Amino acid sequence: MTTQGTTEGLTARSMVEHISAQGVTHMVTLPDSETNFMYDNMTESGMEVVPIAREGEAIAIAAGLWIANQKPAVMIQNSGLFESGDALRGLGIGIDLPLVMFIGYRGYTRHGDTPDSAAQFLEPFLHTWGTPYWIIETDAELDRIALAFKKAEETSKPVAVLIGAEYVSV
Amino acid sequence: MIEYQDVATAIQRERGEAVVVTAMTQSKFWKEASDRPELDIPTNNSMGKVSSIALGIALGAPDRKVIALDGDGSLIMNMGSLVTVGNKSPKNFVHVVYDNGVYAITGGQPIAGAGVINWPAIAMGSGYKAAYSFEDTEEMATEMPRIMAEDGPILIRIQVKPVITTNLGVIQTWESNAVMPRQMRSVKVELAKS
C-alpha cells in the first residue's frame, strides 16, 4: 500500500484533479473495478456526474452535452466500451466529437499472459476504430491526461485514456 | 390510431424554442411540420440513442426544453435510458414515444413486445414525473398544450398508424449521412447564442 500523491501507484484524488484541470463539466459514467474509487472524488470536484444504466448510453449522452456547449468526458470499463462500439462509430467518430474516454483496463497484467479477453481485445479494438490512446498506471503518468484532451481537440475525434491499475488510495 | 402528421402538428404548435431530436419515420414527418429547422436533429443513424442524445442536451442546457421524438422499436434498443433519464430528472425533457408496434422501415415486422409494452407504466416506474397515453387524435390535440407546459421528465406514448416502407431500404448518400452532424452543429450554434 502506498499513500496519496506518491508516484508508486494511482490515486483517485490526483486523477480527478488532472481531469478537472481540463475544464470537464460532466462525467458520464458507470462504475467499474478500475475506476470505482473515483466516484466520490468526482462528485466533490464540482463535475456533474451522470450515472448510466448501460455503457452504450455514454457516448450518446456526451454528444448531447457537447451540442449544449458543455465539456463532457466518459468513464467506463473496457467491456462497456465494446458494448459502445456502434455509438463510438456513429456518435463519436461520425460526428467529429472531441471526447476523452477514460477506460478501465480490466484484465491488464503487464506481463503478456492475459487470460481476460476484455484485456486481449481492448487495444486491437481501439486501433480498429483509429482511436488514439494513452495508458496510465501511476500518478507519475497523469500528465498524459492533458495530452489526451489536447489530441481530442486538435483532431475533433474521441480518444481514450486506459486506466491500467486499480487505485492505491482515494 | 393517430396519423404521424397529426402528432407533428400538435407538437409543433407547442414547441416554442425547444430543441427537437427525432428518429426514423418521425424525422420525415417532423421535417414537414417544423418551423424551426435550425433547432432540429434527425438521428436516423443512432440505433435507438435518441433519448440519450436528448438527455445530454437537456442536462447541458437546462433552460431549454428538449423534445425527443422516439419510436417504440428504437426505445426498446435503449430501455436503460429511461432509468438514466428518471434518475437525473431534467425538468426540460419531454419524451414522445410513437407506438406503431412494427419496424416500419424494414417492411413492418412486429417489434418484440408489440401490443404488450406499457410505456407509461415503465416511465413512471423509472422515475419520470408524469406519463400519458393517446390513441385518439382529438384528445391528443386538446391535451398537448397543458402537458407540454408541465415540468418533466414527461413521457407521452402515442399510438400511431404505421407508415410501412415498401421498398425495404433507405437509400443512403454522402449528403443524407451528413445531415445529422450538420444539424448537431446548427443546434450547438443556436444554443451558444442563449
# chains A, B, ... in the order shown; residues from 1 in each chain; ligands from 1
>>> closest_atom_pairs(of="chain A", to="chain B", cutoff="6 Å", atoms="only C-alpha atoms", output="CSV")
residue,atom,partner,partner_atom,distance
A:Ile52,CA,B:Thr84,CA,5.4
A:Ala53,CA,B:Gly80,CA,5.3
A:Ala60,CA,B:Ile53,CA,5.0
A:Ile61,CA,B:Gly56,CA,4.4
A:Gly64,CA,B:Gly56,CA,3.9
A:Leu65,CA,B:Gly56,CA,4.4
A:Ile67,CA,B:Lys188,CA,4.6
A:Ala68,CA,B:Gly60,CA,5.0
A:Ile95,CA,B:Pro181,CA,5.0
>>> write_last_selection(atoms="all heavy atoms", output="short mmCIF file (atom, residue, chain, number, x, y, z; two decimals), in the first residue's frame")
data_model
loop_
_atom_site.label_atom_id
_atom_site.label_comp_id
_atom_site.auth_asym_id
_atom_site.auth_seq_id
_atom_site.Cartn_x
_atom_site.Cartn_y
_atom_site.Cartn_z
N ILE A 52 -25.13 6.14 -15.63
CA ILE A 52 -25.87 5.50 -16.72
C ILE A 52 -26.22 4.06 -16.34
O ILE A 52 -25.58 3.47 -15.47
CB ILE A 52 -25.05 5.52 -18.03
CG1 ILE A 52 -23.63 4.99 -17.81
CG2 ILE A 52 -25.03 6.93 -18.60
CD1 ILE A 52 -22.79 4.92 -19.07
N ALA A 53 -27.22 3.51 -17.04
CA ALA A 53 -27.65 2.15 -16.75
C ALA A 53 -26.81 1.13 -17.52
O ALA A 53 -26.63 0.00 -17.07
CB ALA A 53 -29.12 1.99 -17.12
N ALA A 60 -23.56 8.73 -26.48
CA ALA A 60 -24.72 9.49 -26.95
C ALA A 60 -25.04 10.65 -26.00
O ALA A 60 -25.34 11.77 -26.45
CB ALA A 60 -25.92 8.56 -27.10
N ILE A 61 -24.98 10.40 -24.71
CA ILE A 61 -25.24 11.48 -23.74
C ILE A 61 -24.13 12.53 -23.84
O ILE A 61 -24.40 13.74 -23.82
CB ILE A 61 -25.33 10.91 -22.31
CG1 ILE A 61 -26.56 10.01 -22.18
CG2 ILE A 61 -25.38 12.04 -21.28
CD1 ILE A 61 -26.64 9.25 -20.87
N GLY A 64 -24.77 14.78 -26.70
CA GLY A 64 -25.78 15.78 -26.37
C GLY A 64 -25.23 16.90 -25.52
O GLY A 64 -25.54 18.09 -25.74
N LEU A 65 -24.41 16.57 -24.54
CA LEU A 65 -23.80 17.60 -23.70
C LEU A 65 -22.90 18.52 -24.52
O LEU A 65 -22.86 19.73 -24.31
CB LEU A 65 -23.01 16.93 -22.57
CG LEU A 65 -23.87 16.32 -21.46
CD1 LEU A 65 -23.06 15.30 -20.66
CD2 LEU A 65 -24.41 17.41 -20.53
N ILE A 67 -23.27 19.17 -27.71
CA ILE A 67 -24.17 20.03 -28.50
C ILE A 67 -24.62 21.22 -27.65
O ILE A 67 -24.76 22.34 -28.15
CB ILE A 67 -25.38 19.22 -29.00
CG1 ILE A 67 -24.92 18.18 -30.04
CG2 ILE A 67 -26.46 20.13 -29.58
CD1 ILE A 67 -25.97 17.11 -30.34
N ALA A 68 -24.81 20.98 -26.36
CA ALA A 68 -25.23 22.04 -25.44
C ALA A 68 -24.04 22.87 -24.95
O ALA A 68 -24.16 23.60 -23.96
CB ALA A 68 -25.99 21.44 -24.26
N ILE A 95 -19.56 12.07 -35.88
CA ILE A 95 -19.94 13.49 -35.78
C ILE A 95 -18.74 14.37 -35.43
O ILE A 95 -18.91 15.54 -35.11
CB ILE A 95 -21.08 13.72 -34.77
CG1 ILE A 95 -20.62 13.45 -33.33
CG2 ILE A 95 -22.29 12.86 -35.11
CD1 ILE A 95 -21.59 13.97 -32.28
#
>>> select_by_dssp(residues="range 15-126 of chain A", states="alpha helix (DSSP H)", output="PyMOL selection string")
chain A and resi 15-20+38-45+58-67+78-83+85-87+117-126
>>> closest_residue(among="A:Asp86, A:Glu166, A:Glu48, A:Asp113", to="Val74 in chain A", atoms="only C-alpha atoms")
A:Glu48
>>> select_by_dssp(residues="range 52-104 of chain A", states="strand (DSSP E or B)", output="PyMOL selection string")
chain A and resi 72-77+99-104
>>> write_last_selection(atoms="N, CA, C and O atoms", output="compact mmCIF listing (two decimals), in the first residue's frame")
# COMPACT_ATOMS: atom_id res chain seq x y z
N PRO A 72 -18.03 17.35 -21.73
CA PRO A 72 -18.17 16.07 -21.04
C PRO A 72 -16.95 15.17 -21.23
O PRO A 72 -16.16 15.35 -22.16
N ALA A 73 -16.83 14.19 -20.35
CA ALA A 73 -15.91 13.06 -20.54
C ALA A 73 -16.69 11.81 -20.16
O ALA A 73 -17.77 11.88 -19.56
N VAL A 74 -16.15 10.67 -20.52
CA VAL A 74 -16.81 9.38 -20.28
C VAL A 74 -15.86 8.50 -19.47
O VAL A 74 -14.64 8.53 -19.69
N MET A 75 -16.40 7.76 -18.51
CA MET A 75 -15.59 6.82 -17.75
C MET A 75 -16.33 5.49 -17.63
O MET A 75 -17.34 5.39 -16.93
N ILE A 76 -15.84 4.48 -18.35
CA ILE A 76 -16.48 3.16 -18.38
C ILE A 76 -15.38 2.09 -18.44
O ILE A 76 -14.20 2.40 -18.64
N GLN A 77 -15.76 0.84 -18.30
CA GLN A 77 -14.80 -0.26 -18.38
C GLN A 77 -14.63 -0.71 -19.84
O GLN A 77 -15.48 -0.43 -20.69
N LEU A 99 -13.82 14.04 -27.65
CA LEU A 99 -14.24 13.41 -26.38
C LEU A 99 -13.10 12.56 -25.82
O LEU A 99 -12.49 11.78 -26.55
N VAL A 100 -12.83 12.72 -24.54
CA VAL A 100 -11.88 11.84 -23.86
C VAL A 100 -12.66 10.77 -23.10
O VAL A 100 -13.54 11.09 -22.30
N MET A 101 -12.34 9.52 -23.39
CA MET A 101 -12.99 8.39 -22.73
C MET A 101 -11.99 7.72 -21.79
O MET A 101 -10.93 7.26 -22.23
N PHE A 102 -12.30 7.69 -20.50
CA PHE A 102 -11.46 7.00 -19.52
C PHE A 102 -11.97 5.56 -19.44
O PHE A 102 -13.14 5.33 -19.12
N ILE A 103 -11.09 4.63 -19.74
CA ILE A 103 -11.50 3.23 -19.89
C ILE A 103 -10.76 2.36 -18.86
O ILE A 103 -9.53 2.28 -18.88
N GLY A 104 -11.52 1.73 -17.99
CA GLY A 104 -10.92 0.78 -17.05
C GLY A 104 -10.38 -0.43 -17.81
O GLY A 104 -11.12 -1.09 -18.54
>>> closest_residue(among="B:Asn100, B:Ser176, B:Gln26, B:Ser89", to="Gly127 in chain B", atoms="only C-alpha atoms")
B:Ser89
>>> residues_around(residues="range 157-163 of chain B", least_positions_apart="5", cutoff="10 Å", atoms="only C-alpha atoms", output="ChimeraX atom specification")
/B:1-7,25,70-72,95-105,107-108,118-120,123,131-137,140
>>> write_last_selection(atoms="N, CA and C atoms", output="tab-separated table (two decimals), in the first residue's frame")
chain	number	residue	atom	x	y	z
B	1	MET	N	-56.24	4.97	-34.08
B	1	MET	CA	-54.81	5.27	-34.29
B	1	MET	C	-54.65	6.69	-34.83
B	2	ILE	N	-53.53	7.27	-34.54
B	2	ILE	CA	-53.27	8.67	-34.88
B	2	ILE	C	-52.27	8.73	-36.03
B	3	GLU	N	-52.46	9.67	-36.92
B	3	GLU	CA	-51.56	9.83	-38.07
B	3	GLU	C	-50.29	10.57	-37.62
B	4	TYR	N	-49.17	10.22	-38.22
B	4	TYR	CA	-47.89	10.86	-37.88
B	4	TYR	C	-47.98	12.39	-38.02
B	5	GLN	N	-48.60	12.83	-39.12
B	5	GLN	CA	-48.61	14.28	-39.37
B	5	GLN	C	-49.44	15.01	-38.32
B	6	ASP	N	-50.45	14.35	-37.75
B	6	ASP	CA	-51.25	15.00	-36.70
B	6	ASP	C	-50.45	15.14	-35.41
B	7	VAL	N	-49.59	14.17	-35.13
B	7	VAL	CA	-48.71	14.28	-33.95
B	7	VAL	C	-47.75	15.45	-34.16
B	25	THR	N	-38.99	7.29	-38.86
B	25	THR	CA	-40.15	7.85	-39.57
B	25	THR	C	-40.57	9.19	-38.98
B	70	ASP	N	-39.22	9.75	-30.20
B	70	ASP	CA	-38.66	8.40	-30.21
B	70	ASP	C	-39.65	7.43	-30.86
B	71	GLY	N	-39.18	6.24	-31.17
B	71	GLY	CA	-40.07	5.19	-31.67
B	71	GLY	C	-40.04	4.01	-30.73
B	72	ASP	N	-41.08	3.21	-30.75
B	72	ASP	CA	-41.10	2.06	-29.84
B	72	ASP	C	-39.98	1.07	-30.18
B	95	HIS	N	-40.41	13.32	-23.61
B	95	HIS	CA	-40.10	12.09	-24.34
B	95	HIS	C	-41.37	11.58	-25.00
B	96	VAL	N	-41.46	11.74	-26.30
B	96	VAL	CA	-42.64	11.27	-27.04
B	96	VAL	C	-42.29	9.93	-27.68
B	97	VAL	N	-43.09	8.92	-27.40
B	97	VAL	CA	-42.86	7.59	-27.96
B	97	VAL	C	-43.97	7.27	-28.96
B	98	TYR	N	-43.59	7.16	-30.22
B	98	TYR	CA	-44.53	6.77	-31.28
B	98	TYR	C	-44.63	5.26	-31.26
B	99	ASP	N	-45.79	4.78	-30.89
B	99	ASP	CA	-46.03	3.34	-30.72
B	99	ASP	C	-46.79	2.83	-31.94
B	100	ASN	N	-46.08	2.17	-32.87
B	100	ASN	CA	-46.78	1.57	-34.01
B	100	ASN	C	-46.63	0.04	-34.02
B	101	GLY	N	-45.82	-0.48	-33.11
B	101	GLY	CA	-45.71	-1.93	-32.95
B	101	GLY	C	-44.90	-2.67	-34.00
B	102	VAL	N	-44.31	-1.88	-34.94
B	102	VAL	CA	-43.58	-2.55	-36.02
B	102	VAL	C	-42.26	-1.82	-36.33
B	103	TYR	N	-41.40	-2.53	-37.05
B	103	TYR	CA	-40.24	-1.89	-37.67
B	103	TYR	C	-40.67	-1.43	-39.05
B	104	ALA	N	-41.09	-0.18	-39.14
B	104	ALA	CA	-41.73	0.31	-40.36
B	104	ALA	C	-40.77	0.36	-41.54
B	105	ILE	N	-39.51	0.72	-41.29
B	105	ILE	CA	-38.61	0.92	-42.43
B	105	ILE	C	-38.05	-0.39	-42.99
B	107	GLY	N	-40.18	-2.99	-43.49
B	107	GLY	CA	-41.30	-3.69	-44.09
B	107	GLY	C	-42.44	-4.02	-43.15
B	108	GLY	N	-42.31	-3.67	-41.86
B	108	GLY	CA	-43.43	-3.81	-40.94
B	108	GLY	C	-43.43	-5.05	-40.07
B	118	ASN	N	-46.15	-1.52	-21.80
B	118	ASN	CA	-46.92	-0.43	-21.18
B	118	ASN	C	-45.97	0.74	-20.93
B	119	TRP	N	-45.83	1.62	-21.92
B	119	TRP	CA	-44.84	2.68	-21.83
B	119	TRP	C	-45.07	3.63	-20.66
B	120	PRO	N	-46.29	4.09	-20.41
B	120	PRO	CA	-46.47	4.98	-19.25
B	120	PRO	C	-46.06	4.29	-17.93
B	123	ALA	N	-42.29	4.19	-17.74
B	123	ALA	CA	-41.75	5.53	-17.48
B	123	ALA	C	-41.92	5.91	-16.01
B	131	ALA	N	-46.66	10.61	-17.10
B	131	ALA	CA	-46.72	9.86	-18.36
B	131	ALA	C	-48.15	9.83	-18.86
B	132	TYR	N	-48.30	9.90	-20.16
B	132	TYR	CA	-49.62	9.96	-20.78
B	132	TYR	C	-49.67	9.01	-21.96
B	133	SER	N	-50.90	8.66	-22.36
B	133	SER	CA	-51.07	7.77	-23.50
B	133	SER	C	-52.26	8.25	-24.32
B	134	PHE	N	-52.06	8.31	-25.63
B	134	PHE	CA	-53.14	8.77	-26.52
B	134	PHE	C	-53.32	7.80	-27.68
B	135	GLU	N	-54.61	7.56	-27.98
B	135	GLU	CA	-54.96	6.76	-29.15
B	135	GLU	C	-55.97	7.50	-30.02
B	136	ASP	N	-56.37	8.70	-29.57
B	136	ASP	CA	-57.39	9.48	-30.28
B	136	ASP	C	-56.81	10.85	-30.64
B	137	THR	N	-56.95	11.23	-31.89
B	137	THR	CA	-56.32	12.46	-32.38
B	137	THR	C	-56.84	13.70	-31.66
B	140	MET	N	-55.62	13.94	-28.07
B	140	MET	CA	-54.20	14.30	-28.03
B	140	MET	C	-54.02	15.80	-28.30
>>> atom_distance(atom1="CA of Thr165 in chain B", atom2="CA of Pro42 in chain B")
17.8 Å
>>> residues_around(residues="range 44-46 of chain A", least_positions_apart="3", cutoff="8 Å", atoms="only C-alpha atoms", output="list in words")
Val16, Glu17, Ser20, Thr25, Asp40 and Asn41 of chain A
>>> write_last_selection(atoms="N, CA and C atoms", output="PDB file, in the first residue's frame")
ATOM      1  N   VAL A  16      -8.579  12.874 -10.465  1.00  0.00           N
ATOM      2  CA  VAL A  16      -9.708  13.794 -10.623  1.00  0.00           C
ATOM      3  C   VAL A  16      -9.207  15.234 -10.756  1.00  0.00           C
ATOM      4  N   GLU A  17      -8.165  15.574 -10.024  1.00  0.00           N
ATOM      5  CA  GLU A  17      -7.614  16.930 -10.140  1.00  0.00           C
ATOM      6  C   GLU A  17      -7.120  17.194 -11.559  1.00  0.00           C
ATOM      7  N   SER A  20     -10.251  17.571 -13.761  1.00  0.00           N
ATOM      8  CA  SER A  20     -10.903  18.869 -13.510  1.00  0.00           C
ATOM      9  C   SER A  20     -10.126  20.009 -14.136  1.00  0.00           C
ATOM     10  N   THR A  25     -16.958  19.398 -17.471  1.00  0.00           N
ATOM     11  CA  THR A  25     -18.178  19.807 -16.770  1.00  0.00           C
ATOM     12  C   THR A  25     -19.015  18.627 -16.307  1.00  0.00           C
ATOM     13  N   ASP A  40     -16.632   9.272  -5.591  1.00  0.00           N
ATOM     14  CA  ASP A  40     -16.826  10.313  -4.579  1.00  0.00           C
ATOM     15  C   ASP A  40     -15.986  11.544  -4.905  1.00  0.00           C
ATOM     16  N   ASN A  41     -14.764  11.316  -5.395  1.00  0.00           N
ATOM     17  CA  ASN A  41     -13.904  12.449  -5.735  1.00  0.00           C
ATOM     18  C   ASN A  41     -14.509  13.295  -6.849  1.00  0.00           C
TER      19      ASN A  41
END
>>> atom_distance(atom1="CA of Asp116 in chain A", atom2="CA of Gly80 in chain A")
14.2 Å
